[in-house]
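For reference, the structure is listed below as structure tokens.
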Amino acid sequence: MNVIEHNTTMPNKSLPFSKADIEAICAQYPTPFHLYDERGLREQARRLNAAFAWCPGFREYFAVKATPNPTILHILGEEGCGADCSSLAELLLAERVGLTGSDMMFTSNNTAAAEFRAARELGAIINLDDLAHLGFLEQHAGLPEVLSFRYNPGPERVGNAIIGNPVESKFGLTRPQLLAGYRLARERGVRRFGLHTMVASNELNPDYIVETATMLFELAVELATMLDIRLDFINLGGGIGIPYRPEQAHVDLAALGAGIERAYRSILTPHGLDSIKLCMECGRLLTGPNGVLIARVRHLKHTYKRYAGLDATMADLMRPGMYGAYHQLTVLGKEQQPAGETYDVTGSLCENNDKFAIDRPLPVLEVGDLVAIHDTGAHGQAMGFNYNGKLRSAELLRRVDGRVELIRRAETLDDYFATLRFPGSDF
Ligand SMILES: *Cc1c(COP(=O)(O)O)cnc(C)c1O
């Protein structure tokens with residue numbers, strides 16, 4: 001991680017709780033933990049659905065990988081969301097909370113036969129990542145009545161930082177493969193079709209997402225005119241960004257929905273294709289801003305720089321170490337204090353990129369201070385790992401009525417030892 005941060009005068013993001021609220025939670029659940037906000041989750045899902053209310057049959061399939069917790073899937077399910085799954089475990093998480101059949105989209109890559117079989121048994125809508133997977137799916141699980149393909153536009157589309165250049169991306173089919181895929185699938189008896197792409201991640205510019213939709217709508221017209229294939233649905237993928245930095249703004253979802261509606265009406269409607277349903281598979285947009293990682297300052301250290309060591313590590317949130325990602329920090333109870341000192345805020349892994357922030361101006365810290373790391377609701381606990389013997393943290397949910405519920409306990413040393421086999425172990 002080598003991101004230089006210049007943020008001394010940035011406004012702070014506010015949090016929906018006080019230091020006293022968090023101290024009360026800590027009395028029962030020790031730090032570190034991720035804390036999610038049910039009200040925020042529901043409101044965000046409603047905002048997204050409202051932005052596409054003009055499109056009959058619009059559905060958001062929440063990308064399970066962002067926050068793979070059944071309680072979260074259940075709440076989003078109540079708001080009308082399905083689940084976008086990419087592995088056997090993710091399919092089963094969705095199934096456990098009652099999502100069935102077309103409530104599930106299966107968007108995988110380099111897929112195992114057992115995963116295709118499970119997706120077929122559960123009736124999930126399958127989104128193929130390669131032309132060769134058509135035969136593989138047929139051989140191992142049989143072809144479904146409805147099938148979707150993931151398009152990789154290659155040089156036609158410029159990607160963004162996290163997802164990279166589409167030409168370098170392992171995902172999806174080229175345009176000629178895509179056309180061949182629809183033809184072949186139809187010959188093999190597939191009756192209904194979808195089209196998917198995912199070319200951006202954490203994209204804050206709504207124009208980029210409208211352009212992606214435009215590209216897919218034009219392709220849908222081409223499929224109708226060239227192959228006489230009228231798509232059932234177009235999946236615009238996920239990738240709507242969130243403002244991790246305090247100076248960034250939320251994507252205006254209403255404006256985004258209106259921009260996509262204009263493209264839909266000008267491209268699809270004239271060709272009589274306005275029965276095509278739209279769907280999305282956003283992860284971060286829904287859960288990202290509605291989670292924080294709460295940790296305590298364990299040690300302060302002053303060598304060539306000042307370090308604040310937290311009781312959380314990169315195992316609880318690897319985005320900063322992995323991508324140099326920025327996460328806002330709030331020192332609870334010191335919200336109004338000036339940033340009087342500059343710190344590297346670290347975990348305790350034996351890796352120098354185990355840092356939540358580098359050269360971050362913060363109020364003067366003391367051992368025991370509670371630090372809230374913002375926007376950890378997506379790709380936070382989900383990316384956890386056990387390297388260096390670190391145990392994954394708990395997940396808590398603040399309900400709409402203010403109660404706090406444990407929705408995943410912290411790992412214990414027994415969990416860590418459970419898979420080991422050695423002389424003297426219990427197995
Ligand atoms: C990761 C992923 C998503 C969700 O991405 P977000 O940036 O969290 O919206 C959606 N679809 C696919 C296929 C993905 O791999």
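How things are named: the first chain in the structure tokens is A, the next is B, and so on; residues count from 1 in each chain; ligands count from 1 in the order shown.
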
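Every residue having at least one atom no farther than 6 Å from ligand 1 is included below, with only C-alpha atoms and all ligand atoms taken into account: Ala63, Ala66, Thr107, Ser201, Asn202, Gly237, Gly238, Gly239, Ile240, Glu281, Cys282, Gly283, Arg284 and Leu285 of chain A.
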
Running DSSP on the backbone, which parts of segment 119-257 of chain A land in helix (DSSP H, G or I), as a PDB file with N, CA, C and O atoms, in the first residue's frame?
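Writing done, so here's out.pdb:
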ATOM      1  N   ALA A 119     -26.928 -25.561  -8.708  1.00  0.00           N
ATOM      2  CA  ALA A 119     -27.677 -24.415  -9.256  1.00  0.00           C
ATOM      3  C   ALA A 119     -28.908 -24.906 -10.005  1.00  0.00           C
ATOM      4  O   ALA A 119     -29.996 -24.333  -9.891  1.00  0.00           O
ATOM      5  N   ARG A 120     -28.756 -26.000 -10.768  1.00  0.00           N
ATOM      6  CA  ARG A 120     -29.897 -26.560 -11.518  1.00  0.00           C
ATOM      7  C   ARG A 120     -30.936 -27.113 -10.557  1.00  0.00           C
ATOM      8  O   ARG A 120     -32.127 -26.882 -10.731  1.00  0.00           O
ATOM      9  N   GLU A 121     -30.488 -27.859  -9.539  1.00  0.00           N
ATOM     10  CA  GLU A 121     -31.437 -28.445  -8.582  1.00  0.00           C
ATOM     11  C   GLU A 121     -32.227 -27.365  -7.857  1.00  0.00           C
ATOM     12  O   GLU A 121     -33.411 -27.524  -7.581  1.00  0.00           O
ATOM     13  N   LEU A 122     -31.547 -26.268  -7.540  1.00  0.00           N
ATOM     14  CA  LEU A 122     -32.230 -25.181  -6.826  1.00  0.00           C
ATOM     15  C   LEU A 122     -33.049 -24.314  -7.773  1.00  0.00           C
ATOM     16  O   LEU A 122     -33.821 -23.460  -7.333  1.00  0.00           O
ATOM     17  N   ALA A 132     -17.672 -22.749 -23.712  1.00  0.00           N
ATOM     18  CA  ALA A 132     -17.452 -24.171 -23.434  1.00  0.00           C
ATOM     19  C   ALA A 132     -18.304 -24.662 -22.262  1.00  0.00           C
ATOM     20  O   ALA A 132     -18.544 -25.861 -22.112  1.00  0.00           O
ATOM     21  N   HIS A 133     -18.769 -23.734 -21.426  1.00  0.00           N
ATOM     22  CA  HIS A 133     -19.570 -24.152 -20.276  1.00  0.00           C
ATOM     23  C   HIS A 133     -20.969 -24.625 -20.686  1.00  0.00           C
ATOM     24  O   HIS A 133     -21.655 -25.276 -19.909  1.00  0.00           O
ATOM     25  N   LEU A 134     -21.360 -24.282 -21.914  1.00  0.00           N
ATOM     26  CA  LEU A 134     -22.668 -24.740 -22.388  1.00  0.00           C
ATOM     27  C   LEU A 134     -22.689 -26.267 -22.446  1.00  0.00           C
ATOM     28  O   LEU A 134     -23.597 -26.911 -21.902  1.00  0.00           O
ATOM     29  N   GLY A 135     -21.678 -26.847 -23.093  1.00  0.00           N
ATOM     30  CA  GLY A 135     -21.580 -28.297 -23.175  1.00  0.00           C
ATOM     31  C   GLY A 135     -21.333 -28.925 -21.811  1.00  0.00           C
ATOM     32  O   GLY A 135     -21.889 -29.971 -21.479  1.00  0.00           O
ATOM     33  N   PHE A 136     -20.521 -28.257 -21.009  1.00  0.00           N
ATOM     34  CA  PHE A 136     -20.184 -28.755 -19.668  1.00  0.00           C
ATOM     35  C   PHE A 136     -21.444 -28.807 -18.797  1.00  0.00           C
ATOM     36  O   PHE A 136     -21.703 -29.793 -18.103  1.00  0.00           O
ATOM     37  N   LEU A 137     -22.228 -27.745 -18.880  1.00  0.00           N
ATOM     38  CA  LEU A 137     -23.484 -27.694 -18.111  1.00  0.00           C
ATOM     39  C   LEU A 137     -24.442 -28.783 -18.584  1.00  0.00           C
ATOM     40  O   LEU A 137     -25.052 -29.492 -17.776  1.00  0.00           O
ATOM     41  N   GLU A 138     -24.550 -28.931 -19.906  1.00  0.00           N
ATOM     42  CA  GLU A 138     -25.452 -29.937 -20.470  1.00  0.00           C
ATOM     43  C   GLU A 138     -25.050 -31.329 -20.006  1.00  0.00           C
ATOM     44  O   GLU A 138     -25.883 -32.126 -19.583  1.00  0.00           O
ATOM     45  N   GLN A 139     -23.739 -31.585 -20.036  1.00  0.00           N
ATOM     46  CA  GLN A 139     -23.217 -32.902 -19.671  1.00  0.00           C
ATOM     47  C   GLN A 139     -23.439 -33.208 -18.186  1.00  0.00           C
ATOM     48  O   GLN A 139     -23.823 -34.309 -17.815  1.00  0.00           O
ATOM     49  N   HIS A 140     -23.221 -32.213 -17.327  1.00  0.00           N
ATOM     50  CA  HIS A 140     -23.220 -32.501 -15.886  1.00  0.00           C
ATOM     51  C   HIS A 140     -24.535 -32.206 -15.189  1.00  0.00           C
ATOM     52  O   HIS A 140     -24.804 -32.750 -14.123  1.00  0.00           O
ATOM     53  N   ALA A 141     -25.341 -31.327 -15.760  1.00  0.00           N
ATOM     54  CA  ALA A 141     -26.548 -30.938 -15.033  1.00  0.00           C
ATOM     55  C   ALA A 141     -27.757 -30.798 -15.940  1.00  0.00           C
ATOM     56  O   ALA A 141     -28.870 -30.613 -15.462  1.00  0.00           O
ATOM     57  N   GLY A 154     -14.511  -6.458 -24.131  1.00  0.00           N
ATOM     58  CA  GLY A 154     -13.128  -6.276 -24.575  1.00  0.00           C
ATOM     59  C   GLY A 154     -12.840  -4.823 -24.891  1.00  0.00           C
ATOM     60  O   GLY A 154     -13.203  -3.935 -24.123  1.00  0.00           O
ATOM     61  N   PRO A 155     -12.207  -4.561 -26.043  1.00  0.00           N
ATOM     62  CA  PRO A 155     -11.784  -3.190 -26.348  1.00  0.00           C
ATOM     63  C   PRO A 155     -12.955  -2.232 -26.562  1.00  0.00           C
ATOM     64  O   PRO A 155     -12.743  -1.018 -26.600  1.00  0.00           O
ATOM     65  N   GLU A 156     -14.172  -2.761 -26.683  1.00  0.00           N
ATOM     66  CA  GLU A 156     -15.330  -1.889 -26.894  1.00  0.00           C
ATOM     67  C   GLU A 156     -15.621  -1.000 -25.679  1.00  0.00           C
ATOM     68  O   GLU A 156     -16.293   0.016 -25.774  1.00  0.00           O
ATOM     69  N   PRO A 166     -11.267  -4.582 -19.628  1.00  0.00           N
ATOM     70  CA  PRO A 166     -11.993  -5.814 -20.015  1.00  0.00           C
ATOM     71  C   PRO A 166     -11.134  -6.793 -20.817  1.00  0.00           C
ATOM     72  O   PRO A 166     -11.322  -8.005 -20.712  1.00  0.00           O
ATOM     73  N   VAL A 167     -10.197  -6.280 -21.614  1.00  0.00           N
ATOM     74  CA  VAL A 167      -9.347  -7.178 -22.415  1.00  0.00           C
ATOM     75  C   VAL A 167      -8.490  -8.059 -21.503  1.00  0.00           C
ATOM     76  O   VAL A 167      -8.145  -9.182 -21.844  1.00  0.00           O
ATOM     77  N   GLU A 168      -8.156  -7.538 -20.334  1.00  0.00           N
ATOM     78  CA  GLU A 168      -7.330  -8.286 -19.382  1.00  0.00           C
ATOM     79  C   GLU A 168      -8.178  -9.081 -18.388  1.00  0.00           C
ATOM     80  O   GLU A 168      -7.654  -9.719 -17.495  1.00  0.00           O
ATOM     81  N   ARG A 175     -17.724 -11.099 -28.204  1.00  0.00           N
ATOM     82  CA  ARG A 175     -18.963 -10.925 -28.979  1.00  0.00           C
ATOM     83  C   ARG A 175     -19.234 -12.107 -29.920  1.00  0.00           C
ATOM     84  O   ARG A 175     -20.350 -12.649 -29.916  1.00  0.00           O
ATOM     85  N   PRO A 176     -18.250 -12.572 -30.704  1.00  0.00           N
ATOM     86  CA  PRO A 176     -18.532 -13.737 -31.559  1.00  0.00           C
ATOM     87  C   PRO A 176     -18.916 -14.980 -30.746  1.00  0.00           C
ATOM     88  O   PRO A 176     -19.807 -15.740 -31.154  1.00  0.00           O
ATOM     89  N   GLN A 177     -18.266 -15.169 -29.598  1.00  0.00           N
ATOM     90  CA  GLN A 177     -18.617 -16.327 -28.753  1.00  0.00           C
ATOM     91  C   GLN A 177     -20.039 -16.196 -28.226  1.00  0.00           C
ATOM     92  O   GLN A 177     -20.778 -17.177 -28.121  1.00  0.00           O
ATOM     93  N   LEU A 178     -20.391 -14.964 -27.886  1.00  0.00           N
ATOM     94  CA  LEU A 178     -21.727 -14.714 -27.346  1.00  0.00           C
ATOM     95  C   LEU A 178     -22.791 -15.093 -28.385  1.00  0.00           C
ATOM     96  O   LEU A 178     -23.757 -15.802 -28.084  1.00  0.00           O
ATOM     97  N   LEU A 179     -22.599 -14.639 -29.620  1.00  0.00           N
ATOM     98  CA  LEU A 179     -23.577 -14.931 -30.676  1.00  0.00           C
ATOM     99  C   LEU A 179     -23.650 -16.431 -30.908  1.00  0.00           C
ATOM    100  O   LEU A 179     -24.735 -17.004 -31.031  1.00  0.00           O
ATOM    101  N   ALA A 180     -22.484 -17.078 -30.921  1.00  0.00           N
ATOM    102  CA  ALA A 180     -22.464 -18.534 -31.103  1.00  0.00           C
ATOM    103  C   ALA A 180     -23.178 -19.222 -29.941  1.00  0.00           C
ATOM    104  O   ALA A 180     -23.891 -20.209 -30.130  1.00  0.00           O
ATOM    105  N   GLY A 181     -22.989 -18.692 -28.749  1.00  0.00           N
ATOM    106  CA  GLY A 181     -23.588 -19.281 -27.549  1.00  0.00           C
ATOM    107  C   GLY A 181     -25.110 -19.264 -27.614  1.00  0.00           C
ATOM    108  O   GLY A 181     -25.764 -20.282 -27.325  1.00  0.00           O
ATOM    109  N   TYR A 182     -25.686 -18.138 -28.001  1.00  0.00           N
ATOM    110  CA  TYR A 182     -27.154 -18.071 -28.084  1.00  0.00           C
ATOM    111  C   TYR A 182     -27.683 -19.038 -29.143  1.00  0.00           C
ATOM    112  O   TYR A 182     -28.670 -19.734 -28.932  1.00  0.00           O
ATOM    113  N   ARG A 183     -26.999 -19.069 -30.304  1.00  0.00           N
ATOM    114  CA  ARG A 183     -27.444 -19.964 -31.389  1.00  0.00           C
ATOM    115  C   ARG A 183     -27.430 -21.417 -30.922  1.00  0.00           C
ATOM    116  O   ARG A 183     -28.402 -22.150 -31.093  1.00  0.00           O
ATOM    117  N   LEU A 184     -26.292 -21.783 -30.325  1.00  0.00           N
ATOM    118  CA  LEU A 184     -26.111 -23.173 -29.904  1.00  0.00           C
ATOM    119  C   LEU A 184     -27.100 -23.541 -28.802  1.00  0.00           C
ATOM    120  O   LEU A 184     -27.711 -24.616 -28.836  1.00  0.00           O
ATOM    121  N   ALA A 185     -27.270 -22.641 -27.857  1.00  0.00           N
ATOM    122  CA  ALA A 185     -28.196 -22.926 -26.752  1.00  0.00           C
ATOM    123  C   ALA A 185     -29.602 -23.134 -27.288  1.00  0.00           C
ATOM    124  O   ALA A 185     -30.333 -24.020 -26.839  1.00  0.00           O
ATOM    125  N   ARG A 186     -29.985 -22.305 -28.258  1.00  0.00           N
ATOM    126  CA  ARG A 186     -31.332 -22.447 -28.834  1.00  0.00           C
ATOM    127  C   ARG A 186     -31.470 -23.795 -29.535  1.00  0.00           C
ATOM    128  O   ARG A 186     -32.464 -24.493 -29.382  1.00  0.00           O
ATOM    129  N   GLU A 187     -30.431 -24.186 -30.263  1.00  0.00           N
ATOM    130  CA  GLU A 187     -30.458 -25.503 -30.930  1.00  0.00           C
ATOM    131  C   GLU A 187     -30.619 -26.632 -29.924  1.00  0.00           C
ATOM    132  O   GLU A 187     -31.256 -27.641 -30.212  1.00  0.00           O
ATOM    133  N   PRO A 206     -22.389   7.963 -12.751  1.00  0.00           N
ATOM    134  CA  PRO A 206     -23.584   7.296 -13.284  1.00  0.00           C
ATOM    135  C   PRO A 206     -23.555   7.200 -14.812  1.00  0.00           C
ATOM    136  O   PRO A 206     -24.122   6.258 -15.376  1.00  0.00           O
ATOM    137  N   ASP A 207     -22.877   8.140 -15.475  1.00  0.00           N
ATOM    138  CA  ASP A 207     -22.821   8.096 -16.946  1.00  0.00           C
ATOM    139  C   ASP A 207     -22.182   6.795 -17.429  1.00  0.00           C
ATOM    140  O   ASP A 207     -22.573   6.241 -18.450  1.00  0.00           O
ATOM    141  N   TYR A 208     -21.187   6.333 -16.679  1.00  0.00           N
ATOM    142  CA  TYR A 208     -20.507   5.101 -17.075  1.00  0.00           C
ATOM    143  C   TYR A 208     -21.494   3.924 -17.063  1.00  0.00           C
ATOM    144  O   TYR A 208     -21.476   3.061 -17.948  1.00  0.00           O
ATOM    145  N   ILE A 209     -22.352   3.907 -16.049  1.00  0.00           N
ATOM    146  CA  ILE A 209     -23.301   2.801 -15.923  1.00  0.00           C
ATOM    147  C   ILE A 209     -24.391   2.912 -16.994  1.00  0.00           C
ATOM    148  O   ILE A 209     -24.816   1.908 -17.569  1.00  0.00           O
ATOM    149  N   VAL A 210     -24.798   4.153 -17.301  1.00  0.00           N
ATOM    150  CA  VAL A 210     -25.775   4.348 -18.383  1.00  0.00           C
ATOM    151  C   VAL A 210     -25.165   3.904 -19.720  1.00  0.00           C
ATOM    152  O   VAL A 210     -25.837   3.259 -20.537  1.00  0.00           O
ATOM    153  N   GLU A 211     -23.878   4.222 -19.920  1.00  0.00           N
ATOM    154  CA  GLU A 211     -23.218   3.795 -21.177  1.00  0.00           C
ATOM    155  C   GLU A 211     -23.166   2.275 -21.280  1.00  0.00           C
ATOM    156  O   GLU A 211     -23.333   1.708 -22.358  1.00  0.00           O
ATOM    157  N   THR A 212     -22.920   1.616 -20.151  1.00  0.00           N
ATOM    158  CA  THR A 212     -22.894   0.146 -20.168  1.00  0.00           C
ATOM    159  C   THR A 212     -24.278  -0.403 -20.520  1.00  0.00           C
ATOM    160  O   THR A 212     -24.407  -1.331 -21.324  1.00  0.00           O
ATOM    161  N   ALA A 213     -25.309   0.202 -19.933  1.00  0.00           N
ATOM    162  CA  ALA A 213     -26.677  -0.226 -20.247  1.00  0.00           C
ATOM    163  C   ALA A 213     -26.961  -0.007 -21.727  1.00  0.00           C
ATOM    164  O   ALA A 213     -27.534  -0.881 -22.397  1.00  0.00           O
ATOM    165  N   THR A 214     -26.529   1.128 -22.250  1.00  0.00           N
ATOM    166  CA  THR A 214     -26.746   1.448 -23.666  1.00  0.00           C
ATOM    167  C   THR A 214     -26.106   0.375 -24.551  1.00  0.00           C
ATOM    168  O   THR A 214     -26.719  -0.108 -25.504  1.00  0.00           O
ATOM    169  N   MET A 215     -24.880  -0.002 -24.205  1.00  0.00           N
ATOM    170  CA  MET A 215     -24.179  -1.043 -24.971  1.00  0.00           C
ATOM    171  C   MET A 215     -24.987  -2.350 -24.971  1.00  0.00           C
ATOM    172  O   MET A 215     -25.150  -2.994 -26.016  1.00  0.00           O
ATOM    173  N   LEU A 216     -25.537  -2.698 -23.797  1.00  0.00           N
ATOM    174  CA  LEU A 216     -26.298  -3.955 -23.709  1.00  0.00           C
ATOM    175  C   LEU A 216     -27.624  -3.850 -24.467  1.00  0.00           C
ATOM    176  O   LEU A 216     -28.059  -4.818 -25.100  1.00  0.00           O
ATOM    177  N   PHE A 217     -28.245  -2.679 -24.421  1.00  0.00           N
ATOM    178  CA  PHE A 217     -29.525  -2.509 -25.134  1.00  0.00           C
ATOM    179  C   PHE A 217     -29.299  -2.626 -26.646  1.00  0.00           C
ATOM    180  O   PHE A 217     -30.078  -3.256 -27.361  1.00  0.00           O
ATOM    181  N   GLU A 218     -28.195  -2.029 -27.121  1.00  0.00           N
ATOM    182  CA  GLU A 218     -27.895  -2.125 -28.563  1.00  0.00           C
ATOM    183  C   GLU A 218     -27.610  -3.572 -28.955  1.00  0.00           C
ATOM    184  O   GLU A 218     -28.027  -4.033 -30.026  1.00  0.00           O
ATOM    185  N   LEU A 219     -26.954  -4.282 -28.062  1.00  0.00           N
ATOM    186  CA  LEU A 219     -26.677  -5.698 -28.328  1.00  0.00           C
ATOM    187  C   LEU A 219     -27.978  -6.508 -28.349  1.00  0.00           C
ATOM    188  O   LEU A 219     -28.141  -7.425 -29.170  1.00  0.00           O
ATOM    189  N   ALA A 220     -28.903  -6.142 -27.483  1.00  0.00           N
ATOM    190  CA  ALA A 220     -30.199  -6.841 -27.451  1.00  0.00           C
ATOM    191  C   ALA A 220     -30.942  -6.650 -28.774  1.00  0.00           C
ATOM    192  O   ALA A 220     -31.573  -7.587 -29.286  1.00  0.00           O
ATOM    193  N   VAL A 221     -30.844  -5.453 -29.355  1.00  0.00           N
ATOM    194  CA  VAL A 221     -31.478  -5.190 -30.650  1.00  0.00           C
ATOM    195  C   VAL A 221     -30.812  -6.050 -31.727  1.00  0.00           C
ATOM    196  O   VAL A 221     -31.473  -6.654 -32.577  1.00  0.00           O
ATOM    197  N   GLU A 222     -29.486  -6.134 -31.644  1.00  0.00           N
ATOM    198  CA  GLU A 222     -28.745  -6.946 -32.603  1.00  0.00           C
ATOM    199  C   GLU A 222     -29.153  -8.420 -32.510  1.00  0.00           C
ATOM    200  O   GLU A 222     -29.337  -9.093 -33.535  1.00  0.00           O
ATOM    201  N   LEU A 223     -29.303  -8.909 -31.289  1.00  0.00           N
ATOM    202  CA  LEU A 223     -29.711 -10.313 -31.112  1.00  0.00           C
ATOM    203  C   LEU A 223     -31.099 -10.543 -31.686  1.00  0.00           C
ATOM    204  O   LEU A 223     -31.376 -11.592 -32.278  1.00  0.00           O
ATOM    205  N   ALA A 224     -31.965  -9.558 -31.530  1.00  0.00           N
ATOM    206  CA  ALA A 224     -33.338  -9.694 -32.043  1.00  0.00           C
ATOM    207  C   ALA A 224     -33.333  -9.665 -33.563  1.00  0.00           C
ATOM    208  O   ALA A 224     -34.011 -10.478 -34.206  1.00  0.00           O
ATOM    209  N   THR A 225     -32.577  -8.751 -34.153  1.00  0.00           N
ATOM    210  CA  THR A 225     -32.628  -8.608 -35.611  1.00  0.00           C
ATOM    211  C   THR A 225     -31.794  -9.681 -36.316  1.00  0.00           C
ATOM    212  O   THR A 225     -32.213 -10.220 -37.332  1.00  0.00           O
ATOM    213  N   MET A 226     -30.615 -10.011 -35.739  1.00  0.00           N
ATOM    214  CA  MET A 226     -29.742 -10.979 -36.408  1.00  0.00           C
ATOM    215  C   MET A 226     -30.119 -12.422 -36.120  1.00  0.00           C
ATOM    216  O   MET A 226     -30.054 -13.269 -37.008  1.00  0.00           O
ATOM    217  N   LEU A 227     -30.484 -12.705 -34.870  1.00  0.00           N
ATOM    218  CA  LEU A 227     -30.715 -14.112 -34.489  1.00  0.00           C
ATOM    219  C   LEU A 227     -32.170 -14.400 -34.158  1.00  0.00           C
ATOM    220  O   LEU A 227     -32.519 -15.531 -33.834  1.00  0.00           O
ATOM    221  N   LEU A 253     -29.230   7.725  -7.370  1.00  0.00           N
ATOM    222  CA  LEU A 253     -29.853   6.539  -7.973  1.00  0.00           C
ATOM    223  C   LEU A 253     -31.061   6.899  -8.824  1.00  0.00           C
ATOM    224  O   LEU A 253     -31.302   6.270  -9.861  1.00  0.00           O
ATOM    225  N   ALA A 254     -31.813   7.918  -8.397  1.00  0.00           N
ATOM    226  CA  ALA A 254     -32.983   8.329  -9.182  1.00  0.00           C
ATOM    227  C   ALA A 254     -32.531   8.818 -10.561  1.00  0.00           C
ATOM    228  O   ALA A 254     -33.124   8.458 -11.596  1.00  0.00           O
ATOM    229  N   ALA A 255     -31.451   9.613 -10.583  1.00  0.00           N
ATOM    230  CA  ALA A 255     -30.937  10.122 -11.864  1.00  0.00           C
ATOM    231  C   ALA A 255     -30.380   8.971 -12.709  1.00  0.00           C
ATOM    232  O   ALA A 255     -30.550   8.938 -13.935  1.00  0.00           O
ATOM    233  N   LEU A 256     -29.733   8.008 -12.043  1.00  0.00           N
ATOM    234  CA  LEU A 256     -29.205   6.847 -12.758  1.00  0.00           C
ATOM    235  C   LEU A 256     -30.349   6.057 -13.400  1.00  0.00           C
ATOM    236  O   LEU A 256     -30.297   5.702 -14.588  1.00  0.00           O
ATOM    237  N   GLY A 257     -31.395   5.801 -12.616  1.00  0.00           N
ATOM    238  CA  GLY A 257     -32.559   5.076 -13.134  1.00  0.00           C
ATOM    239  C   GLY A 257     -33.184   5.812 -14.308  1.00  0.00           C
ATOM    240  O   GLY A 257     -33.550   5.198 -15.316  1.00  0.00           O
TER     241      GLY A 257
END

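When only C-alpha atoms are used to compute distances to Glu43 of chain A, the closest of the residues A:Val190, A:Leu76, A:Leu268, A:Ala114 turns out to be A:Leu76.
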
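If you count only C-alpha atoms and ignore residues fewer than 6 places along the chain from Lys390 of chain A, what sits within 12 Å of it is Pro32, Asp311, Ala312, Thr313, Met314, Ala315, Asp316, Gly347, Ser348, Leu349, Cys350, Gly384, Ala410, Glu411, Thr412, Leu413, Asp415 and Tyr416 of chain A.
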
Surrounding residues of Leu73 of chain A excluding itself and chain neighbours under 6 positions, 9 Å, only C-alpha atoms, as JSON, numbers by chain: {"A": [62, 64, 67, 81, 82, 83, 93, 94, 97, 99]}

Take the residues that were just selected and, keeping C-alpha atoms, output them as a PDB file, in the first residue's frame.
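again.pdb, freshly written:
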ATOM      1  CA  PHE A  62     -27.822  -8.860  -4.063  1.00  0.00           C
ATOM      2  CA  VAL A  64     -23.854 -12.485  -1.778  1.00  0.00           C
ATOM      3  CA  THR A  67     -21.805  -9.724   2.789  1.00  0.00           C
ATOM      4  CA  CYS A  81     -34.063  -8.557  -3.563  1.00  0.00           C
ATOM      5  CA  GLY A  82     -32.934 -11.910  -4.866  1.00  0.00           C
ATOM      6  CA  ALA A  83     -29.400 -13.247  -4.445  1.00  0.00           C
ATOM      7  CA  LEU A  93     -26.727 -19.394   2.107  1.00  0.00           C
ATOM      8  CA  ALA A  94     -29.492 -17.991  -0.086  1.00  0.00           C
ATOM      9  CA  VAL A  97     -33.257 -18.029   4.106  1.00  0.00           C
ATOM     10  CA  LEU A  99     -34.742 -17.749  -1.556  1.00  0.00           C
TER      11      LEU A  99
END

Those of segment 54-294 of chain A in DSSP strand (DSSP E), formatted as number ranges by chain: A: 59-63, 82-85, 104-107, 125-128, 146-151, 192-197, 233-235, 277-280, 291-294

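Between atom CA of Ile126 of chain A and atom CA of Phe233 of chain A the interatomic distance comes to 12.4 Å.
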
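Note that atom CA of Lys65 of chain A and atom CA of Tyr29 of chain A are 24.8 Å apart.
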
Computed interatomic separation between atom CA of Thr269 of chain A and atom CA of Leu147 of chain A (Å): 22.9 Å

Residue with smallest distance to Ala357 of chain A - pool A:Gln328, A:Gly40, A:Lys334, A:Thr376, counting only C-alpha atoms: A:Gln328

Please build the interface table for segment 258-288 of chain A against segment 56-60 of chain A with a cut-off of 10 Å, listing for each qualifying residue the nearest atom pair and the distance in Å to one decimal; count only C-alpha atoms, order rows by chain and increasing number, and write it as a tab-separated table.
residue	atom	partner	partner_atom	distance
A:Asp274	CA	A:Pro56	CA	9.5
A:Ser275	CA	A:Pro56	CA	8.1
A:Ile276	CA	A:Pro56	CA	8.7
A:Lys277	CA	A:Gly57	CA	5.5
A:Leu278	CA	A:Phe58	CA	5.0
A:Cys279	CA	A:Arg59	CA	4.7
A:Met280	CA	A:Glu60	CA	4.8
A:Glu281	CA	A:Glu60	CA	5.6
A:Cys282	CA	A:Glu60	CA	7.1
A:Gly283	CA	A:Glu60	CA	9.6
